[in-house]
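A.B. asks: Below you'll find the structure I mean.
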Amino acid sequence: MTGIIDSVEMPKLPDNQKSFAGIPEAVFLEEIDTFMSQPENEDNCEKVLQRLDEQHSKYRFMAYNLEARRRKLKSQIPDLQRSLEMINVLRQEKEERETQFLLSDQVFIKTLVPPTKTVCLWLGASVMLEYPLDEAEELLKQNMNSAIINLKTVEHDQDFLRDQLTTTEVNMARVYNWGVKKRQAAAKTNVSTTS
């Protein structure tokens with residue numbers, strides 16, 4: 001299966017965009033003193049930490065959704081591959097074949113399947129359509145290609161999101177440490193003025 005995934009190229013990102021899902025980029029705080037002296041921060045460590053924590057929570061939520069999507073795509077690709085293999089089997093059949101169908105949980109029924117030139121595919125939303133084998137194969141290949149591209153873009157976005165989470169966590173640590181140093185300096189100033 002990895003050969004199939006490797007054969008499909010990931011699409012190019014639009015200009016000035018670093019993720020396919022439009023995930024906002026976390027800015028690394030180079031100069032913490034300059035950042036904290038900006039008017040919107042007002043040297044208020046708790047306020048800045050709250051904003052960064054909200055941003056971190058949003059990134060975690062996005063990561064959770066991307067992981068759920070990745071799992072769904074990872075399970076979808078083998079299903080599509082098996083469906084393509086089944087079309088090849090049906091194409092090669094020249095005489096009736098005895099098989100078993102699942103009737104309900106752990107209940108199977110034996111039946112004879114005649115050679116066929118059509119196949120029924122589930123399209124979703126309780127919709128099934130009958131296709132000639134060639135059209136079904138083409139549709140499944142398109143779906144496979146689309147699923148692989150979506151998987152690659154989701155994995156790219158997951159990597160990008162991990163970097164944003166790390167950057168936000170580092171920023172939170174730096175702001176917290178800045179607040180601790182400021183409180184320690186204020187405590188030293190209070191001690192020296194009272195002496």
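Going through the structure tokens in order, the chains are called A, B, and so on, while each chain numbers its residues from 1 and the ligands are numbered from 1 in the order shown.
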Give me the residues near region 137-142 of chain A as a ChimeraX atom specification, where near means some atom within 8 Å (using only C-alpha atoms) and where sequence neighbours in that chain fewer than 4 positions away do not count.
C.D. replies: /A:80,83-84,87,133,146
A.B. asks: Please identify all polymer residues within 12 Å of Lys12 (chain A), counting only C-alpha atoms, omitting same-chain residues fewer than 5 positions from it, and present them as a count of residues only.
C.D. replies: 8
A.B. asks: With distances taken over only C-alpha atoms, which of A:Thr189, A:Asn44, A:Gln92, A:Asn16 is nearest to Pro114 (chain A)?
C.D. replies: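 Of A:Thr189, A:Asn44, A:Gln92, A:Asn16, the one nearest Pro114 (chain A), counting only C-alpha atoms, is A:Gln92.
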A.B. asks: Could you please determine the separation between CA of Glu85 (chain A) and CA of Glu155 (chain A) in Å, to one decimal place?
C.D. replies: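 Answer for the CA of Glu85 (chain A) to CA of Glu155 (chain A) separation: 26.3 Å.
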A.B. asks: Sorted by chain and rising residue number, list the residues of region 122-185 of chain A at most 8 Å from region 27-31 of chain A (counting only C-alpha atoms), each with its closest atom pair and distance in Å to one decimal, as a tab-separated table.
C.D. replies:
```
residue	atom	partner	partner_atom	distance
A:Thr167	CA	A:Phe28	CA	6.0
A:Thr168	CA	A:Phe28	CA	7.5
A:Asn171	CA	A:Leu29	CA	6.2
```
A.B. asks: Using DSSP secondary structure from the backbone, list all alpha helix (DSSP H) positions within region 6-194 of chain A, as a ChimeraX atom specification.
C.D. replies: /A:6-7,32-36,45-92,133-194
